[in-house]
file start_9.csv (CSV, C-alpha atoms (C1' of nucleotides))
chain,number,residue,atom,x,y,z
A,31,MET,CA,98.4,96.1,118.0
A,32,LYS,CA,96.1,93.1,118.5
A,33,ASP,CA,94.7,91.6,115.3
A,34,ASP,CA,91.1,92.1,116.2
A,35,SER,CA,91.6,95.8,116.8
A,36,ILE,CA,91.4,96.2,113.1
A,37,HIS,CA,87.6,96.4,113.3
A,38,ASP,CA,87.8,99.4,115.7
A,39,ILE,CA,90.5,101.0,113.6
A,40,VAL,CA,88.5,100.8,110.4
A,41,LYS,CA,85.5,102.2,112.2
A,42,ILE,CA,87.4,105.1,113.5
A,43,LEU,CA,89.2,105.9,110.3
A,44,ARG,CA,85.9,105.8,108.3
A,45,LYS,CA,84.7,108.6,110.4
A,46,GLU,CA,87.9,110.6,110.5
A,47,THR,CA,88.7,110.5,106.9
A,48,LYS,CA,85.5,112.2,106.0
A,49,LYS,CA,86.9,115.4,107.5
A,50,TRP,CA,89.9,115.3,105.2
A,51,ASN,CA,90.3,115.9,101.5
A,52,THR,CA,89.3,112.9,99.4
A,53,PRO,CA,92.2,111.2,97.6
A,54,ILE,CA,91.9,110.8,93.9
A,55,VAL,CA,91.1,107.1,94.2
A,56,SER,CA,87.9,107.6,96.1
A,57,LEU,CA,87.1,110.6,94.0
A,58,MET,CA,87.2,108.4,90.9
A,59,SER,CA,85.3,105.6,92.5
A,60,GLN,CA,82.5,108.0,93.4
A,61,THR,CA,82.1,109.7,90.1
A,62,GLU,CA,82.7,106.9,87.7
A,63,ARG,CA,84.2,103.5,87.3
A,64,ASP,CA,85.5,103.6,83.8
A,65,PRO,CA,88.5,101.2,84.0
A,66,PHE,CA,90.3,103.1,81.3
A,67,LYS,CA,90.1,106.4,83.1
A,68,ILE,CA,91.1,104.8,86.4
A,69,LEU,CA,94.1,103.1,84.7
A,70,ILE,CA,95.3,106.3,83.1
A,71,ALA,CA,94.7,108.5,86.2
A,72,THR,CA,96.6,106.0,88.3
A,73,VAL,CA,99.5,106.0,86.0
A,74,LEU,CA,99.5,109.8,86.2
A,75,SER,CA,99.3,109.7,90.0
A,76,LEU,CA,102.5,107.8,90.6
A,77,ARG,CA,104.6,109.9,93.0
A,78,THR,CA,102.5,113.0,92.4
A,79,LYS,CA,100.0,114.8,94.6
A,80,ASP,CA,96.3,114.3,94.3
A,81,GLU,CA,95.2,117.8,93.2
A,82,ILE,CA,97.9,117.9,90.5
A,83,THR,CA,96.9,114.5,89.3
A,84,ALA,CA,93.2,115.3,89.2
A,85,LYS,CA,93.7,118.5,87.2
A,86,ALA,CA,96.0,116.8,84.7
A,87,ALA,CA,93.7,113.8,84.3
A,88,ASN,CA,90.7,116.0,83.6
A,89,LYS,CA,92.6,118.0,81.1
A,90,LEU,CA,93.7,114.9,79.3
A,91,PHE,CA,90.2,113.3,79.4
A,92,GLN,CA,88.7,116.4,77.9
A,93,VAL,CA,90.7,115.8,74.8
A,94,ALA,CA,90.6,112.0,74.8
A,95,ASP,CA,88.8,109.6,77.1
A,96,ASN,CA,89.4,106.3,75.3
A,97,PRO,CA,92.4,104.5,74.0
A,98,TYR,CA,91.5,105.2,70.3
A,99,ASP,CA,91.4,108.9,70.6
A,100,MET,CA,94.3,109.0,73.0
A,101,LEU,CA,96.6,107.1,70.7
A,102,LYS,CA,96.0,109.7,68.0
A,103,LEU,CA,97.7,112.3,70.2
A,104,LYS,CA,101.4,112.9,69.8
A,105,GLU,CA,103.6,112.0,72.7
A,106,GLU,CA,104.5,115.7,73.1
A,107,GLU,CA,100.8,116.7,73.2
A,108,ILE,CA,100.1,114.2,76.0
A,109,ALA,CA,103.2,115.5,77.8
A,110,SER,CA,102.1,119.1,77.7
A,111,LEU,CA,98.5,118.2,78.7
A,112,ILE,CA,99.6,116.4,81.8
A,113,TYR,CA,102.5,118.7,82.4
A,114,PRO,CA,102.8,119.4,86.1
A,115,VAL,CA,102.8,115.7,87.2
A,116,GLY,CA,106.1,114.2,88.0
A,117,PHE,CA,107.8,112.1,85.3
A,118,TYR,CA,105.5,113.5,82.7
A,119,ARG,CA,107.8,112.7,79.8
A,120,ARG,CA,108.0,109.0,80.7
A,121,LYS,CA,104.3,108.8,81.6
A,122,ALA,CA,103.3,110.3,78.2
A,123,LYS,CA,105.3,107.6,76.5
A,124,ASN,CA,103.9,104.9,78.6
A,125,ILE,CA,100.3,106.1,78.1
A,126,LYS,CA,100.7,105.9,74.3
A,127,GLU,CA,102.2,102.4,74.5
A,128,ILE,CA,99.4,101.3,76.9
A,129,CYS,CA,96.7,102.6,74.5
A,130,LYS,CA,98.4,100.8,71.6
A,131,VAL,CA,98.6,97.5,73.5
A,132,LEU,CA,95.0,97.8,74.7
A,133,ILE,CA,93.8,98.2,71.1
A,134,GLU,CA,96.0,95.5,69.6
A,135,LYS,CA,95.8,92.9,72.2
A,136,TYR,CA,92.7,93.5,74.2
A,137,ASN,CA,90.3,94.9,71.6
A,138,GLY,CA,90.4,98.4,73.1
A,139,LYS,CA,89.3,97.2,76.6
A,140,VAL,CA,91.2,97.3,79.8
A,141,PRO,CA,92.0,93.7,81.1
A,142,ASP,CA,90.4,92.8,84.4
A,143,GLU,CA,93.2,90.4,85.5
A,144,ILE,CA,96.2,91.5,87.6
A,145,ASP,CA,98.6,89.4,85.6
A,146,GLU,CA,97.5,90.9,82.3
A,147,LEU,CA,97.6,94.5,83.6
A,148,LEU,CA,101.2,94.0,84.9
A,149,LYS,CA,102.4,93.5,81.4
A,150,LEU,CA,101.5,97.1,80.5
A,151,PRO,CA,104.4,99.6,80.7
A,152,GLY,CA,104.3,101.7,83.8
A,153,VAL,CA,101.8,99.4,85.5
A,154,GLY,CA,102.9,97.7,88.7
A,155,ARG,CA,101.0,96.0,91.5
A,156,LYS,CA,99.6,99.2,93.0
A,157,THR,CA,98.1,100.3,89.7
A,158,ALA,CA,96.9,96.9,88.7
A,159,ASN,CA,95.1,96.3,92.0
A,160,LEU,CA,93.5,99.7,91.8
A,161,VAL,CA,92.1,99.0,88.4
A,162,VAL,CA,90.8,95.6,89.3
A,163,THR,CA,89.2,96.7,92.6
A,164,LEU,CA,87.7,100.1,91.6
A,165,GLY,CA,87.3,99.5,87.9
A,166,TYR,CA,85.8,96.0,88.1
A,167,GLY,CA,84.8,95.6,91.7
A,168,LYS,CA,86.9,92.4,92.1
A,169,PRO,CA,88.7,91.6,95.3
A,170,GLY,CA,92.2,93.0,95.7
A,171,ILE,CA,94.4,95.1,98.0
A,172,CYS,CA,96.1,98.1,96.7
A,173,VAL,CA,99.4,98.6,98.6
A,174,ASP,CA,101.3,101.8,98.2
A,175,THR,CA,104.0,103.3,100.4
A,176,HIS,CA,101.3,104.6,102.9
A,177,VAL,CA,99.6,101.2,103.3
A,178,HIS,CA,103.0,99.5,103.6
A,179,ARG,CA,104.4,102.0,106.1
A,180,ILE,CA,101.3,102.2,108.4
A,181,SER,CA,100.5,98.5,108.4
A,182,ASN,CA,104.0,97.9,109.7
A,183,ARG,CA,104.1,100.8,112.0
A,184,LEU,CA,100.9,99.7,113.6
A,185,GLY,CA,102.4,96.2,114.1
A,186,TYR,CA,99.6,94.6,112.0
A,187,VAL,CA,102.2,93.0,109.6
A,188,ASN,CA,105.9,92.7,109.6
A,189,THR,CA,107.2,93.0,106.0
A,190,LYS,CA,110.0,94.5,104.0
A,191,THR,CA,108.4,95.3,100.7
A,192,PRO,CA,105.0,96.6,99.5
A,193,GLU,CA,104.5,93.3,97.7
A,194,GLU,CA,105.0,91.3,100.9
A,195,THR,CA,102.6,93.6,102.6
A,196,GLU,CA,100.0,92.9,99.9
A,197,PHE,CA,100.2,89.2,100.5
A,198,ALA,CA,100.3,89.5,104.2
A,199,LEU,CA,97.2,91.5,104.2
A,200,ARG,CA,95.5,89.0,101.9
A,201,GLU,CA,96.0,86.5,104.7
A,202,LYS,CA,94.9,88.6,107.7
A,203,LEU,CA,92.7,91.5,106.7
A,204,PRO,CA,89.0,90.7,106.6
A,205,LYS,CA,87.8,90.8,103.1
A,206,ASP,CA,85.2,93.4,103.8
A,207,TYR,CA,88.0,95.9,104.2
A,208,TRP,CA,90.1,95.1,101.3
A,209,ILE,CA,89.1,97.8,98.9
A,210,GLU,CA,88.7,100.6,101.3
A,211,ILE,CA,91.9,100.0,103.3
A,212,ASN,CA,94.0,101.9,100.8
A,213,ASP,CA,91.8,105.0,101.0
A,214,LEU,CA,91.7,104.9,104.8
A,215,LEU,CA,95.4,104.5,105.3
A,216,VAL,CA,96.4,106.9,102.5
A,217,SER,CA,94.3,109.6,104.1
A,218,LEU,CA,95.8,108.9,107.5
A,219,GLY,CA,99.3,108.9,106.0
A,220,GLN,CA,98.9,112.2,104.3
A,221,HIS,CA,97.4,114.0,107.2
A,222,ILE,CA,98.8,112.4,110.3
A,223,CYS,CA,101.1,109.4,109.9
A,224,HIS,CA,103.8,110.9,107.8
A,225,PRO,CA,106.9,108.8,106.9
A,226,THR,CA,109.0,111.1,109.1
A,227,SER,CA,107.8,112.9,112.2
A,228,PRO,CA,104.2,111.5,112.3
A,229,LYS,CA,101.7,113.5,114.4
A,230,CYS,CA,101.0,110.8,116.9
A,231,SER,CA,99.4,113.1,119.5
A,232,GLN,CA,96.7,114.0,116.9
A,233,CYS,CA,96.2,110.4,115.7
A,234,PRO,CA,92.8,108.9,116.2
A,235,ILE,CA,94.2,105.4,116.5
A,236,GLU,CA,97.3,106.1,118.5
A,237,LYS,CA,96.3,103.7,121.4
A,238,TYR,CA,96.3,100.8,119.0
A,239,CYS,CA,99.7,101.5,117.4
A,240,ASP,CA,103.0,99.8,118.2
A,241,LYS,CA,104.8,102.7,116.6
A,242,ARG,CA,107.3,100.4,115.0
A,243,ASP,CA,109.4,102.0,112.3
A,244,VAL,CA,109.0,100.5,108.9
A,245,LYS,CA,112.1,98.7,107.6
A,246,ARG,CA,111.9,100.3,104.2
A,247,SER,CA,109.4,102.9,103.2
A,248,ARG,CA,110.4,103.0,99.6
B,200,DA,C1',119.5,124.2,100.7
B,201,DA,C1',117.9,119.8,101.6
B,202,DA,C1',114.6,116.5,102.1
B,203,DA,C1',110.4,114.6,101.1
B,204,DC,C1',107.2,113.0,97.9
B,205,DG,C1',100.6,108.3,97.1
B,206,DG,C1',106.0,103.4,92.1
B,207,DG,C1',108.1,101.3,88.6
B,208,DG,C1',111.8,99.6,85.9
B,209,DG,C1',116.5,98.6,84.8
B,210,DC,C1',120.6,96.9,86.4
C,200,DG,C1',118.6,94.7,96.6
C,201,DC,C1',120.1,99.5,94.8
C,202,DC,C1',119.5,103.4,92.2
C,203,DC,C1',117.3,106.6,89.1
C,204,DC,C1',113.6,109.4,87.6
C,205,DA,C1',111.1,115.4,87.6
C,206,DG,C1',109.4,119.0,89.7
C,207,DT,C1',106.8,121.1,93.6
C,208,DT,C1',106.1,121.7,98.5
C,209,DT,C1',108.0,121.5,103.3
C,210,DT,C1',111.5,121.8,106.8

call {"tool": "encode", "arguments": {"input": "start_9.csv", "output": "structure tokens"}}
result
Amino acid sequence: MKDDSIHDIVKILRKETKKWNTPIVSLMSQTERDPFKILIATVLSLRTKDEITAKAANKLFQVADNPYDMLKLKEEEIASLIYPVGFYRRKAKNIKEICKVLIEKYNGKVPDEIDELLKLPGVGRKTANLVVTLGYGKPGICVDTHVHRISNRLGYVNTKTPEETEFALREKLPKDYWIEINDLLVSLGQHICHPTSPKCSQCPIEKYCDKRDVKRSR
DNA sequence: AAAACGGGGGC
DNA sequence: GCCCCAGTTTT
């Protein structure tokens, strides 16, 4: 694709994604911007589907919606509350540890710096960027496998890892689109542009796409 | 029955 | 860089 096609692509996807189910990230951004909830919900969401994540997060937040209350829960209690999400055992452990660190090191608050967030267990670049952008409204680009795969498939970037994609997009992508690009491409990725056998004939931006295969999608 | 799945960490 | 993780939905 040509670099300046990005404006058309965003415009088209803004319209198209409204027809589809809203991913958890935009759900959270619409309803509330509590950085703690966004952090925990994002940890829960890793490699699990939206609806399952949303249910689990709501159940957990009903019992505890701040690090102090959440730390009082036993690991097994958290695990059973969040159950159907993938890796629930490990996530329950990480969540307790995150709460502990937030209280001890950050006075019960969620840090607003990527580098600080990355020190928390179970938090990588995707999660850190999501907290910073949605929770604090700071500039950042949240790159998951969808953003990585589709950016490469379009021919907008040429990168091997999600981290490289993040930095490449920081160079090229107009800043106005930084925060929403994740939501747009994730929606497209879930409904049309699957990792294998994408539905190109139904794709609203097919004419812009180079259809290059990503080097590594995970 | 296999593969795929909205990352991150350990090696 | 490679491999594992955990359980549900697709193919």

call {"tool": "interface_residues", "arguments": {"input": "start_9.csv", "of": "chain C", "to": "chain A", "cutoff": "8 Å", "atoms": "only C-alpha atoms (C1' of nucleotides)", "output": "list in words"}}
result
DC204, DA205 and DG206 of chain C

call {"tool": "closest_atom_pairs", "arguments": {"input": "start_9.csv", "of": "chain B", "to": "chain A", "cutoff": "8 Å", "atoms": "all atoms listed in the file", "output": "tab-separated table"}}
result
residue	atom	partner	partner_atom	distance
B:DC204	C1'	A:Arg77	CA	6.4
B:DG205	C1'	A:Arg77	CA	5.9
B:DG206	C1'	A:Leu76	CA	5.8
B:DG207	C1'	A:Gly152	CA	6.1

call {"tool": "residues_around", "arguments": {"input": "start_9.csv", "residues": "DC210 (chain B)", "least_positions_apart": "4", "cutoff": "12 Å", "atoms": "all atoms listed in the file", "output": "list in words"}}
result
DG200, DC201, DC202 and DC203 of chain C

call {"tool": "atom_distance", "arguments": {"input": "start_9.csv", "atom1": "CA of Glu201 (chain A)", "atom2": "CA of Val40 (chain A)"}}
result
17.1 Å

call {"tool": "residues_near_point", "arguments": {"input": "start_9.csv", "point": "(96.8, 115.3, 80.2)", "cutoff": "12 Å", "atoms": "all atoms listed in the file", "output": "CSV table (one decimal) with C-alpha atoms, in the frame of the given file"}}
result
chain,number,residue,atom,x,y,z
A,67,LYS,CA,90.1,106.4,83.1
A,70,ILE,CA,95.3,106.3,83.1
A,71,ALA,CA,94.7,108.5,86.2
A,73,VAL,CA,99.5,106.0,86.0
A,74,LEU,CA,99.5,109.8,86.2
A,75,SER,CA,99.3,109.7,90.0
A,82,ILE,CA,97.9,117.9,90.5
A,83,THR,CA,96.9,114.5,89.3
A,84,ALA,CA,93.2,115.3,89.2
A,85,LYS,CA,93.7,118.5,87.2
A,86,ALA,CA,96.0,116.8,84.7
A,87,ALA,CA,93.7,113.8,84.3
A,88,ASN,CA,90.7,116.0,83.6
A,89,LYS,CA,92.6,118.0,81.1
A,90,LEU,CA,93.7,114.9,79.3
A,91,PHE,CA,90.2,113.3,79.4
A,92,GLN,CA,88.7,116.4,77.9
A,93,VAL,CA,90.7,115.8,74.8
A,94,ALA,CA,90.6,112.0,74.8
A,95,ASP,CA,88.8,109.6,77.1
A,100,MET,CA,94.3,109.0,73.0
A,103,LEU,CA,97.7,112.3,70.2
A,104,LYS,CA,101.4,112.9,69.8
A,105,GLU,CA,103.6,112.0,72.7
A,106,GLU,CA,104.5,115.7,73.1
A,107,GLU,CA,100.8,116.7,73.2
A,108,ILE,CA,100.1,114.2,76.0
A,109,ALA,CA,103.2,115.5,77.8
A,110,SER,CA,102.1,119.1,77.7
A,111,LEU,CA,98.5,118.2,78.7
A,112,ILE,CA,99.6,116.4,81.8
A,113,TYR,CA,102.5,118.7,82.4
A,114,PRO,CA,102.8,119.4,86.1
A,115,VAL,CA,102.8,115.7,87.2
A,118,TYR,CA,105.5,113.5,82.7
A,119,ARG,CA,107.8,112.7,79.8
A,121,LYS,CA,104.3,108.8,81.6
A,122,ALA,CA,103.3,110.3,78.2
A,125,ILE,CA,100.3,106.1,78.1
A,126,LYS,CA,100.7,105.9,74.3

call {"tool": "atom_distance", "arguments": {"input": "start_9.csv", "atom1": "C1' of DA203 (chain B)", "atom2": "CA of Arg179 (chain A)"}}
result
14.8 Å

call {"tool": "atom_distance", "arguments": {"input": "start_9.csv", "atom1": "CA of Lys229 (chain A)", "atom2": "CA of Asp38 (chain A)"}}
result
19.8 Å

call {"tool": "residues_near_point", "arguments": {"input": "start_9.csv", "point": "(100.1, 98.1, 112.2)", "cutoff": "10 Å", "atoms": "all atoms listed in the file", "output": "NGL selection string"}}
result
:A and (31-33 or 35-36 or 177-188 or 238-242 or 244)

call {"tool": "build_atoms", "arguments": {"input": "start_9.csv", "residues": "region 104-116 of chain A", "atoms": "N, CA, C and O atoms", "output": "short mmCIF file (atom, residue, chain, number, x, y, z; two decimals), in the coordinates of the input"}}
result
data_model
loop_
_atom_site.label_atom_id
_atom_site.label_comp_id
_atom_site.auth_asym_id
_atom_site.auth_seq_id
_atom_site.Cartn_x
_atom_site.Cartn_y
_atom_site.Cartn_z
N LYS A 104 99.91 113.04 69.83
CA LYS A 104 101.40 112.90 69.80
C LYS A 104 101.85 112.81 71.27
O LYS A 104 101.23 113.36 72.17
N GLU A 105 102.99 112.16 71.41
CA GLU A 105 103.60 112.00 72.70
C GLU A 105 103.77 113.41 73.39
O GLU A 105 103.50 113.59 74.57
N GLU A 106 104.21 114.37 72.58
CA GLU A 106 104.50 115.70 73.10
C GLU A 106 103.16 116.37 73.55
O GLU A 106 103.13 117.15 74.50
N GLU A 107 102.07 116.09 72.81
CA GLU A 107 100.80 116.70 73.20
C GLU A 107 100.32 116.14 74.52
O GLU A 107 99.86 116.89 75.38
N ILE A 108 100.43 114.83 74.71
CA ILE A 108 100.10 114.20 76.00
C ILE A 108 100.93 114.85 77.10
O ILE A 108 100.44 115.27 78.14
N ALA A 109 102.23 114.93 76.82
CA ALA A 109 103.20 115.50 77.80
C ALA A 109 102.76 116.87 78.25
O ALA A 109 102.78 117.19 79.43
N SER A 110 102.39 117.72 77.29
CA SER A 110 102.10 119.10 77.70
C SER A 110 100.71 119.15 78.38
O SER A 110 100.50 120.00 79.25
N LEU A 111 99.79 118.25 78.03
CA LEU A 111 98.50 118.20 78.70
C LEU A 111 98.61 117.84 80.18
O LEU A 111 97.95 118.39 81.04
N ILE A 112 99.48 116.88 80.44
CA ILE A 112 99.60 116.40 81.80
C ILE A 112 100.68 117.09 82.59
O ILE A 112 100.99 116.70 83.71
N TYR A 113 101.22 118.16 82.02
CA TYR A 113 102.50 118.70 82.40
C TYR A 113 102.87 118.61 83.93
O TYR A 113 103.83 117.95 84.28
N PRO A 114 102.16 119.26 84.83
CA PRO A 114 102.80 119.40 86.10
C PRO A 114 103.02 118.10 86.92
O PRO A 114 103.65 118.12 87.97
N VAL A 115 102.51 116.99 86.44
CA VAL A 115 102.80 115.70 87.20
C VAL A 115 104.22 115.34 87.03
O VAL A 115 104.88 115.68 86.05
N GLY A 116 104.73 114.64 88.04
CA GLY A 116 106.10 114.20 88.00
C GLY A 116 106.30 113.14 86.89
O GLY A 116 105.36 112.45 86.52
#
